[in-house]
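Asks: Provided herewith: protein_15.tsv, TSV, C-alpha atoms.
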```tsv
chain	number	residue	atom	x	y	z
A	1	MET	CA	19.94	2.96	13.66
A	2	ARG	CA	18.55	0.60	16.25
A	3	ILE	CA	17.21	-2.71	14.91
A	4	SER	CA	15.69	-4.89	17.60
A	5	ALA	CA	14.91	-8.57	17.30
A	6	ILE	CA	12.93	-11.01	19.41
A	7	LEU	CA	11.78	-14.57	18.92
A	8	ILE	CA	8.11	-14.79	18.06
A	9	PHE	CA	5.58	-17.26	16.82
A	10	LEU	CA	3.66	-16.79	13.60
A	11	HIS	CA	0.21	-18.33	13.68
A	12	CYS	CA	-0.41	-19.97	10.35
A	13	PHE	CA	-4.06	-20.87	9.95
A	14	PRO	CA	-5.64	-23.31	10.18
A	15	SER	CA	-3.15	-25.31	12.24
A	16	MET	CA	0.54	-24.68	11.56
A	17	ILE	CA	2.78	-22.64	13.88
A	18	LEU	CA	6.20	-21.47	12.74
A	19	SER	CA	8.97	-20.07	14.93
A	20	ILE	CA	10.38	-16.96	13.27
A	21	SER	CA	12.44	-13.83	13.88
A	22	PHE	CA	10.78	-10.42	14.27
A	23	ASN	CA	12.68	-7.18	13.68
A	24	LYS	CA	11.95	-3.48	13.65
A	25	ILE	CA	13.55	-1.04	11.24
A	26	HIS	CA	13.12	2.26	13.01
A	27	LEU	CA	12.41	5.40	11.02
A	28	PRO	CA	14.41	8.60	11.63
A	29	PRO	CA	13.53	10.24	14.98
A	30	ASN	CA	11.01	12.73	13.56
A	31	ALA	CA	9.28	10.43	11.07
A	32	THR	CA	6.10	8.39	11.61
A	33	GLY	CA	3.55	6.60	9.50
A	34	PRO	CA	5.11	4.45	6.77
A	35	GLU	CA	2.12	3.75	4.52
A	36	ALA	CA	3.59	1.56	1.78
A	37	LEU	CA	6.86	0.05	0.59
A	38	ALA	CA	8.56	-0.24	-2.81
A	39	PHE	CA	11.62	-2.49	-3.08
A	40	GLU	CA	14.59	-2.45	-5.42
A	41	LEU	CA	15.47	-5.85	-6.81
A	42	GLY	CA	18.53	-7.56	-5.38
A	43	THR	CA	19.65	-4.77	-3.04
A	44	GLY	CA	17.29	-4.86	-0.05
A	45	ARG	CA	16.84	-1.10	-0.39
A	46	PHE	CA	13.30	0.26	-0.36
A	47	TYR	CA	11.23	3.44	-0.40
A	48	THR	CA	8.41	4.55	1.89
A	49	GLY	CA	6.33	7.68	2.44
A	50	VAL	CA	5.76	9.17	5.89
A	51	GLY	CA	3.20	11.45	7.50
A	52	ASP	CA	5.08	14.74	7.15
A	53	GLY	CA	5.26	14.47	3.36
A	54	ARG	CA	8.69	12.97	2.82
A	55	ILE	CA	9.59	9.95	0.73
A	56	LEU	CA	12.42	8.11	2.47
A	57	LYS	CA	14.89	5.61	1.04
A	58	TYR	CA	16.26	2.82	3.21
A	59	GLN	CA	19.85	2.05	2.24
A	60	GLY	CA	20.55	-0.78	4.65
A	61	PRO	CA	21.23	-1.22	8.38
A	62	THR	CA	24.45	0.82	8.32
A	63	ALA	CA	23.39	3.83	6.25
A	64	GLY	CA	19.76	3.77	7.37
A	65	PHE	CA	17.24	6.18	5.86
A	66	VAL	CA	17.86	9.26	3.74
A	67	ASP	CA	15.40	11.84	2.46
A	68	PHE	CA	14.70	10.91	-1.16
A	69	GLY	CA	11.75	12.93	-2.42
A	70	PHE	CA	8.52	14.86	-1.86
A	71	ALA	CA	5.43	15.80	-3.85
A	72	ALA	CA	4.57	19.24	-2.45
A	73	PRO	CA	6.23	21.82	-4.76
A	74	ASN	CA	6.76	24.39	-2.00
A	75	ARG	CA	7.46	21.99	0.84
A	76	SER	CA	9.52	23.55	3.66
A	77	LYS	CA	11.63	21.19	5.78
A	78	SER	CA	11.51	23.58	8.73
A	79	LEU	CA	7.72	23.77	8.54
A	80	CYS	CA	6.95	20.17	7.64
A	81	ASP	CA	9.51	17.72	9.03
A	82	GLY	CA	8.06	15.91	12.03
A	83	THR	CA	4.57	17.40	11.73
A	84	ASP	CA	1.39	15.62	12.87
A	85	PHE	CA	1.05	12.41	10.89
A	86	LEU	CA	-2.60	11.97	11.91
A	87	ASN	CA	-3.61	15.31	10.39
A	88	PRO	CA	-1.44	15.80	7.28
A	89	ASN	CA	-0.67	19.34	6.17
A	90	PRO	CA	-1.61	19.97	2.52
A	91	ALA	CA	1.40	22.25	2.18
A	92	CYS	CA	3.67	19.33	3.07
A	93	GLY	CA	2.02	16.56	1.03
A	94	ARG	CA	1.27	13.02	2.11
A	95	PRO	CA	2.76	10.21	-0.04
A	96	LEU	CA	0.72	7.03	0.22
A	97	GLY	CA	1.02	4.27	-2.38
A	98	MET	CA	4.22	3.75	-4.33
A	99	ALA	CA	5.48	1.24	-6.87
A	100	LEU	CA	8.88	0.89	-8.50
A	101	HIS	CA	9.21	-0.05	-12.18
A	102	HIS	CA	12.36	-2.14	-12.07
A	103	ALA	CA	13.39	-1.80	-15.72
A	104	THR	CA	13.44	2.01	-15.62
A	105	GLN	CA	13.93	2.59	-11.87
A	106	LYS	CA	11.00	4.98	-11.95
A	107	LEU	CA	9.16	5.28	-8.65
A	108	TYR	CA	5.46	5.95	-9.14
A	109	VAL	CA	3.82	7.76	-6.25
A	110	CYS	CA	0.27	8.61	-5.20
A	111	ASP	CA	0.22	11.65	-2.94
A	112	ALA	CA	-3.06	12.29	-1.13
A	113	PHE	CA	-2.93	16.00	-1.99
A	114	PHE	CA	-0.86	16.19	-5.19
A	115	GLY	CA	-2.13	13.32	-7.28
A	116	PHE	CA	-0.25	10.76	-9.32
A	117	GLY	CA	3.40	11.29	-10.21
A	118	VAL	CA	6.84	9.80	-10.68
A	119	LEU	CA	10.39	10.10	-9.36
A	120	GLY	CA	13.58	9.19	-11.18
A	121	PRO	CA	16.59	7.47	-9.60
A	122	GLU	CA	17.93	10.80	-8.31
A	123	GLY	CA	14.81	11.61	-6.31
A	124	GLY	CA	13.76	15.18	-5.52
A	125	LEU	CA	10.43	16.73	-6.43
A	126	VAL	CA	7.83	14.30	-7.79
A	127	THR	CA	6.89	15.05	-11.39
A	128	GLN	CA	3.12	15.24	-11.58
A	129	LEU	CA	1.68	12.97	-14.27
A	130	SER	CA	-2.01	13.43	-13.54
A	131	THR	CA	-4.17	15.38	-11.09
A	132	SER	CA	-7.56	14.81	-12.72
A	133	VAL	CA	-9.37	12.68	-15.30
A	134	ASP	CA	-12.46	13.42	-17.37
A	135	GLY	CA	-12.57	16.87	-15.81
A	136	GLU	CA	-12.78	15.49	-12.26
A	137	PRO	CA	-9.82	16.28	-9.95
A	138	TYR	CA	-8.42	13.63	-7.64
A	139	ARG	CA	-9.42	14.28	-4.05
A	140	PHE	CA	-7.60	11.39	-2.38
A	141	SER	CA	-4.96	9.70	-4.57
A	142	ASN	CA	-4.09	6.54	-2.71
A	143	ALA	CA	-2.80	3.20	-4.05
A	144	VAL	CA	-0.60	2.35	-7.03
A	145	ASP	CA	0.86	-0.70	-8.76
A	146	VAL	CA	2.93	-1.07	-11.92
A	147	HIS	CA	2.72	-3.91	-14.43
A	148	GLN	CA	6.40	-4.77	-14.77
A	149	PRO	CA	6.40	-6.23	-18.32
A	150	THR	CA	4.58	-3.29	-19.96
A	151	GLY	CA	5.18	-0.41	-17.56
A	152	ASN	CA	1.46	0.41	-17.39
A	153	VAL	CA	0.43	1.81	-14.03
A	154	TYR	CA	-2.81	1.22	-12.11
A	155	PHE	CA	-3.81	3.55	-9.29
A	156	THR	CA	-6.79	4.68	-7.26
A	157	ASP	CA	-8.51	7.84	-6.17
A	158	ALA	CA	-10.04	6.72	-2.89
A	159	SER	CA	-12.90	9.23	-3.01
A	160	ALA	CA	-14.19	11.92	-5.35
A	161	ASN	CA	-15.82	13.75	-2.43
A	162	TYR	CA	-13.45	13.60	0.53
A	163	ASN	CA	-9.73	14.12	1.04
A	164	ILE	CA	-7.45	12.33	3.50
A	165	ARG	CA	-8.25	14.77	6.30
A	166	GLU	CA	-11.94	13.90	5.85
A	167	LEU	CA	-11.50	10.12	5.91
A	168	ALA	CA	-13.71	9.75	8.99
A	169	ILE	CA	-16.56	11.46	7.13
A	170	ALA	CA	-16.04	9.23	4.09
A	171	ILE	CA	-16.33	6.19	6.35
A	172	SER	CA	-19.33	7.42	8.32
A	173	THR	CA	-21.26	8.34	5.15
A	174	ARG	CA	-20.21	5.09	3.45
A	175	ASP	CA	-18.78	7.02	0.52
A	176	SER	CA	-18.65	5.08	-2.76
A	177	THR	CA	-17.18	7.55	-5.22
A	178	GLY	CA	-13.70	6.05	-5.54
A	179	ARG	CA	-12.15	5.22	-8.92
A	180	LEU	CA	-9.71	2.75	-10.42
A	181	LEU	CA	-7.47	4.38	-13.02
A	182	LYS	CA	-4.91	3.30	-15.58
A	183	TYR	CA	-1.91	5.27	-16.82
A	184	ASP	CA	-0.91	4.00	-20.27
A	185	ILE	CA	2.86	4.23	-20.53
A	186	LYS	CA	2.75	4.57	-24.34
A	187	THR	CA	0.03	7.20	-24.73
A	188	LYS	CA	0.71	8.93	-21.38
A	189	GLN	CA	-3.06	9.07	-20.91
A	190	VAL	CA	-5.16	8.22	-17.85
A	191	THR	CA	-8.46	6.39	-18.22
A	192	VAL	CA	-11.11	5.39	-15.68
A	193	LEU	CA	-11.58	1.62	-15.47
A	194	LEU	CA	-14.18	1.52	-12.69
A	195	ARG	CA	-16.19	4.05	-10.69
A	196	ASN	CA	-18.31	3.95	-7.53
A	197	ILE	CA	-15.75	2.12	-5.39
A	198	SER	CA	-16.19	2.35	-1.61
A	199	VAL	CA	-12.94	4.13	-0.61
A	200	ALA	CA	-10.44	2.44	-2.92
A	201	VAL	CA	-7.26	2.08	-0.89
A	202	GLY	CA	-5.44	-0.92	-2.39
A	203	VAL	CA	-4.57	-2.08	-5.90
A	204	ALA	CA	-2.61	-4.94	-7.48
A	205	VAL	CA	-2.35	-6.07	-11.10
A	206	ASP	CA	-1.65	-9.68	-12.04
A	207	GLU	CA	1.46	-10.66	-13.97
A	208	GLU	CA	-0.39	-11.18	-17.26
A	209	GLU	CA	-2.42	-7.96	-16.93
A	210	LYS	CA	-5.69	-9.89	-17.12
A	211	PHE	CA	-7.19	-8.42	-13.96
A	212	VAL	CA	-6.69	-5.91	-11.15
A	213	LEU	CA	-7.59	-6.38	-7.49
A	214	VAL	CA	-8.93	-3.39	-5.54
A	215	SER	CA	-9.68	-3.20	-1.83
A	216	GLU	CA	-12.78	-1.30	-0.71
A	217	PHE	CA	-12.15	-0.02	2.80
A	218	VAL	CA	-15.74	0.96	3.54
A	219	ALA	CA	-17.39	-2.05	1.92
A	220	ASN	CA	-14.98	-4.42	3.73
A	221	ARG	CA	-14.21	-6.39	0.59
A	222	THR	CA	-11.70	-6.97	-2.21
A	223	ILE	CA	-12.92	-7.01	-5.79
A	224	LYS	CA	-11.40	-8.43	-8.97
A	225	ILE	CA	-11.83	-6.22	-12.04
A	226	TRP	CA	-11.34	-7.96	-15.37
A	227	LEU	CA	-9.23	-6.07	-17.92
A	228	LYS	CA	-9.68	-8.40	-20.90
A	229	GLY	CA	-12.24	-10.74	-22.43
A	230	PRO	CA	-16.06	-10.67	-22.36
A	231	GLY	CA	-16.09	-9.62	-18.71
A	232	ALA	CA	-13.80	-6.60	-19.20
A	233	LYS	CA	-14.47	-3.80	-16.69
A	234	LYS	CA	-16.85	-6.03	-14.73
A	235	PHE	CA	-15.89	-7.26	-11.29
A	236	ASP	CA	-16.26	-10.17	-8.90
A	237	ILE	CA	-16.08	-10.05	-5.10
A	238	ILE	CA	-13.30	-12.42	-4.04
A	239	ASN	CA	-12.65	-11.56	-0.39
A	240	ARG	CA	-14.58	-10.09	2.54
A	241	GLN	CA	-12.43	-8.86	5.39
A	242	PRO	CA	-12.80	-5.74	7.59
A	243	MET	CA	-10.63	-2.71	6.83
A	244	PRO	CA	-8.82	-4.05	3.74
A	245	ASP	CA	-5.91	-1.85	2.71
A	246	ASN	CA	-2.91	-2.32	0.41
A	247	ILE	CA	-2.59	-5.46	-1.72
A	248	LYS	CA	0.79	-6.84	-2.84
A	249	ARG	CA	1.39	-9.64	-5.32
A	250	THR	CA	3.92	-12.36	-4.53
A	251	LYS	CA	6.36	-13.90	-7.02
A	252	SER	CA	4.11	-16.93	-7.40
A	253	GLY	CA	1.04	-14.85	-8.24
A	254	ASN	CA	-0.70	-14.95	-4.86
A	255	PHE	CA	-1.54	-11.76	-2.95
A	256	TRP	CA	-1.00	-10.35	0.54
A	257	LEU	CA	-3.73	-8.10	1.92
A	258	ALA	CA	-3.37	-5.87	4.98
A	259	ALA	CA	-6.69	-5.99	6.83
A	260	ALA	CA	-8.29	-6.56	10.25
A	261	MET	CA	-10.64	-8.80	12.14
A	262	VAL	CA	-12.82	-8.04	15.16
A	263	ASN	CA	-12.14	-9.60	18.55
A	264	GLN	CA	-15.60	-10.85	19.41
A	265	GLY	CA	-14.95	-10.61	23.15
A	266	THR	CA	-13.71	-7.01	23.30
A	267	GLN	CA	-14.98	-5.77	19.91
A	268	SER	CA	-11.52	-4.33	19.32
A	269	ILE	CA	-9.75	-4.36	15.99
A	270	VAL	CA	-7.04	-6.98	15.43
A	271	PRO	CA	-4.59	-6.23	12.57
A	272	ILE	CA	-3.97	-9.16	10.24
A	273	GLY	CA	-2.26	-10.06	7.00
A	274	GLN	CA	-4.04	-12.43	4.69
A	275	ARG	CA	-2.58	-14.32	1.75
A	276	PHE	CA	-4.97	-15.55	-0.92
A	277	ASN	CA	-4.86	-16.69	-4.53
A	278	GLU	CA	-6.40	-15.05	-7.58
A	279	PHE	CA	-9.72	-16.75	-6.87
A	280	GLY	CA	-9.88	-15.43	-3.31
A	281	SER	CA	-9.11	-18.72	-1.57
A	282	VAL	CA	-7.38	-17.84	1.71
A	283	LEU	CA	-4.03	-19.60	2.02
A	284	GLN	CA	-2.73	-18.04	5.23
A	285	THR	CA	-3.75	-15.54	7.90
A	286	VAL	CA	-1.23	-13.87	10.21
A	287	ASN	CA	-2.37	-12.18	13.43
A	288	PHE	CA	-0.25	-9.11	14.24
A	289	GLU	CA	-1.96	-8.13	17.50
A	290	ARG	CA	1.05	-9.13	19.61
A	291	TRP	CA	3.24	-6.51	17.95
A	292	TYR	CA	0.80	-3.81	16.84
A	293	GLY	CA	-1.94	-4.04	19.46
A	294	ASN	CA	-5.17	-2.69	18.01
A	295	LYS	CA	-3.38	-0.35	15.59
A	296	SER	CA	-4.31	-0.88	11.96
A	297	ILE	CA	-1.69	-1.90	9.42
A	298	SER	CA	-1.58	-0.59	5.87
A	299	GLU	CA	0.60	-3.09	4.02
A	300	VAL	CA	1.97	-6.62	4.17
A	301	GLN	CA	4.58	-7.39	1.53
A	302	GLU	CA	6.79	-10.42	1.00
A	303	PHE	CA	10.30	-9.74	-0.25
A	304	GLY	CA	13.58	-11.62	-0.03
A	305	GLY	CA	12.16	-14.38	2.17
A	306	LYS	CA	10.81	-11.88	4.72
A	307	LEU	CA	7.37	-10.52	5.42
A	308	TYR	CA	7.41	-6.71	5.76
A	309	VAL	CA	4.62	-4.82	7.54
A	310	ALA	CA	3.82	-1.11	7.30
A	311	SER	CA	1.46	0.93	9.45
A	312	ARG	CA	0.64	4.62	9.30
A	313	LEU	CA	0.32	4.64	13.11
A	314	VAL	CA	3.87	3.62	14.10
A	315	ASP	CA	7.46	4.81	13.68
A	316	PHE	CA	8.97	1.59	12.37
A	317	ILE	CA	8.68	-1.05	9.68
A	318	GLY	CA	8.37	-4.60	10.94
A	319	PHE	CA	9.78	-7.60	9.15
A	320	TYR	CA	9.53	-11.29	9.79
A	321	THR	CA	11.62	-14.21	8.65
A	322	THR	CA	8.96	-16.75	7.82
A	323	GLY	CA	10.24	-19.37	5.40
A	324	ILE	CA	6.88	-19.18	3.61
A	325	LYS	CA	6.63	-20.96	0.28
A	326	VAL	CA	4.41	-19.08	-2.16
```
Output the file's structure as structure tokens, nothing else.

Replies:
Amino acid sequence: MRISAILIFLHCFPSMILSISFNKIHLPPNATGPEALAFELGTGRFYTGVGDGRILKYQGPTAGFVDFGFAAPNRSKSLCDGTDFLNPNPACGRPLGMALHHATQKLYVCDAFFGFGVLGPEGGLVTQLSTSVDGEPYRFSNAVDVHQPTGNVYFTDASANYNIRELAIAISTRDSTGRLLKYDIKTKQVTVLLRNISVAVGVAVDEEEKFVLVSEFVANRTIKIWLKGPGAKKFDIINRQPMPDNIKRTKSGNFWLAAAMVNQGTQSIVPIGQRFNEFGSVLQTVNFERWYGNKSISEVQEFGGKLYVASRLVDFIGFYTTGIKV
């Protein structure tokens, strides 16, 4: 596997500039579109889903990637491997969000076509846990996060009307039928926590399970849904940023959001990562235009002193040595 490195500069708003190292972990030759990342603790190994329906496991710079799992029950490698990542084939599946429960090593997966499921340490076919709730099937299962202390899982159905192949329609019609859902690890039941979300594509639960953050791609905002107390199931708007996508919590309880801003001169999209606290106060903004151009990014996640970046439009995972204190 080829891992390339160059010296770059990370722009730390409002005024600090840090010199850091930028690297690319290249996917296998016929794989594109890493949407999200789920890391093992202490090993540096991680999982990601790609556009042709596979879930890959990265085993380090020497071993590289191996096929680990898939959600489509009748997936054919000869038919699916290397297929068009911009127009996913329902027969192949399309894994999007994933989250690893460290105590059990269970990998929870949202597949855009096959709903919410889980993989054990051996990988293989994803075991479906839920494909509908309250009689309504999932049309666009998207983001997922696990509360490590309890094992409860929070995930989203981006839209009740449109699937991943109809995302452009969902955006143009300003669809607001997305849902936030909870899988209770004890009862094995799924409940709806919030409806009428404008394309719910990111989710993160806080360490104490007091609230959940959800990004609304169409509404260009991140909301905070309270899980406990007098405000339970009500929400506050804590961030407004164009094209918000996955949200990842840091060890210190802050959050990284993959999003964008608009270049006022050219009106082009500039991919950014934004770190903010639980109240929505922005602590840091990182401009990724130098390395991703005007391609959108889907996730920014801090792990092991590095900042990892995923994008469904490229064939690599970027990571940055930042020395950030969070």

Asks: Just want the 6 Å neighbourhood of Lys106 of chain A, counted on only C-alpha atoms, with same-chain residues fewer than 5 positions away dropped. Output as a list in words.

Replies: Leu100, His101, Leu119 and Gly120 of chain A

Asks: A:Asn246, A:Asn74, A:Gln189, A:Asn87: which is nearest Val126 of chain A, counting only C-alpha atoms?

Replies: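 Nearest candidate to Val126 of chain A out of A:Asn246, A:Asn74, A:Gln189, A:Asn87: A:Asn74.
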
Asks: Could you name the residues that touch Leu129 of chain A at 10 Å or less, counting all atoms listed in the file, but leaving out those on the same chain fewer than 6 positions away, as a list in words?

Replies: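 Residues meeting the cut-off are Tyr108, Val109, Phe114, Gly115, Phe116, Gly117, Val118, Tyr183, Lys188, Gln189 and Val190 of chain A.
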
Asks: Residues near Cys110 of chain A, anyone? I mean within 9 Å using all atoms listed in the file, not counting same-chain ones fewer than 5 positions away, as a short mmCIF file (atom, residue, chain, number, x, y, z; two decimals) with C-alpha atoms, in the frame of the given file.

Replies:
```cif
data_model
loop_
_atom_site.label_atom_id
_atom_site.label_comp_id
_atom_site.auth_asym_id
_atom_site.auth_seq_id
_atom_site.Cartn_x
_atom_site.Cartn_y
_atom_site.Cartn_z
CA ALA A 71 5.43 15.80 -3.85
CA ARG A 94 1.27 13.02 2.11
CA PRO A 95 2.76 10.21 -0.04
CA LEU A 96 0.72 7.03 0.22
CA GLY A 97 1.02 4.27 -2.38
CA MET A 98 4.22 3.75 -4.33
CA GLY A 115 -2.13 13.32 -7.28
CA PHE A 116 -0.25 10.76 -9.32
CA GLY A 117 3.40 11.29 -10.21
CA VAL A 118 6.84 9.80 -10.68
CA PHE A 140 -7.60 11.39 -2.38
CA SER A 141 -4.96 9.70 -4.57
CA ASN A 142 -4.09 6.54 -2.71
CA ALA A 143 -2.80 3.20 -4.05
CA VAL A 144 -0.60 2.35 -7.03
CA PHE A 155 -3.81 3.55 -9.29
CA THR A 156 -6.79 4.68 -7.26
CA ASP A 157 -8.51 7.84 -6.17
#
```

Asks: For Pro90 of chain A, which residue out of A:Asn163, A:Thr222, A:Ser296, A:Gln264 is the nearest one, using all atoms listed in the file?

Replies: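 For Pro90 of chain A, the nearest of the candidates is A:Asn163.
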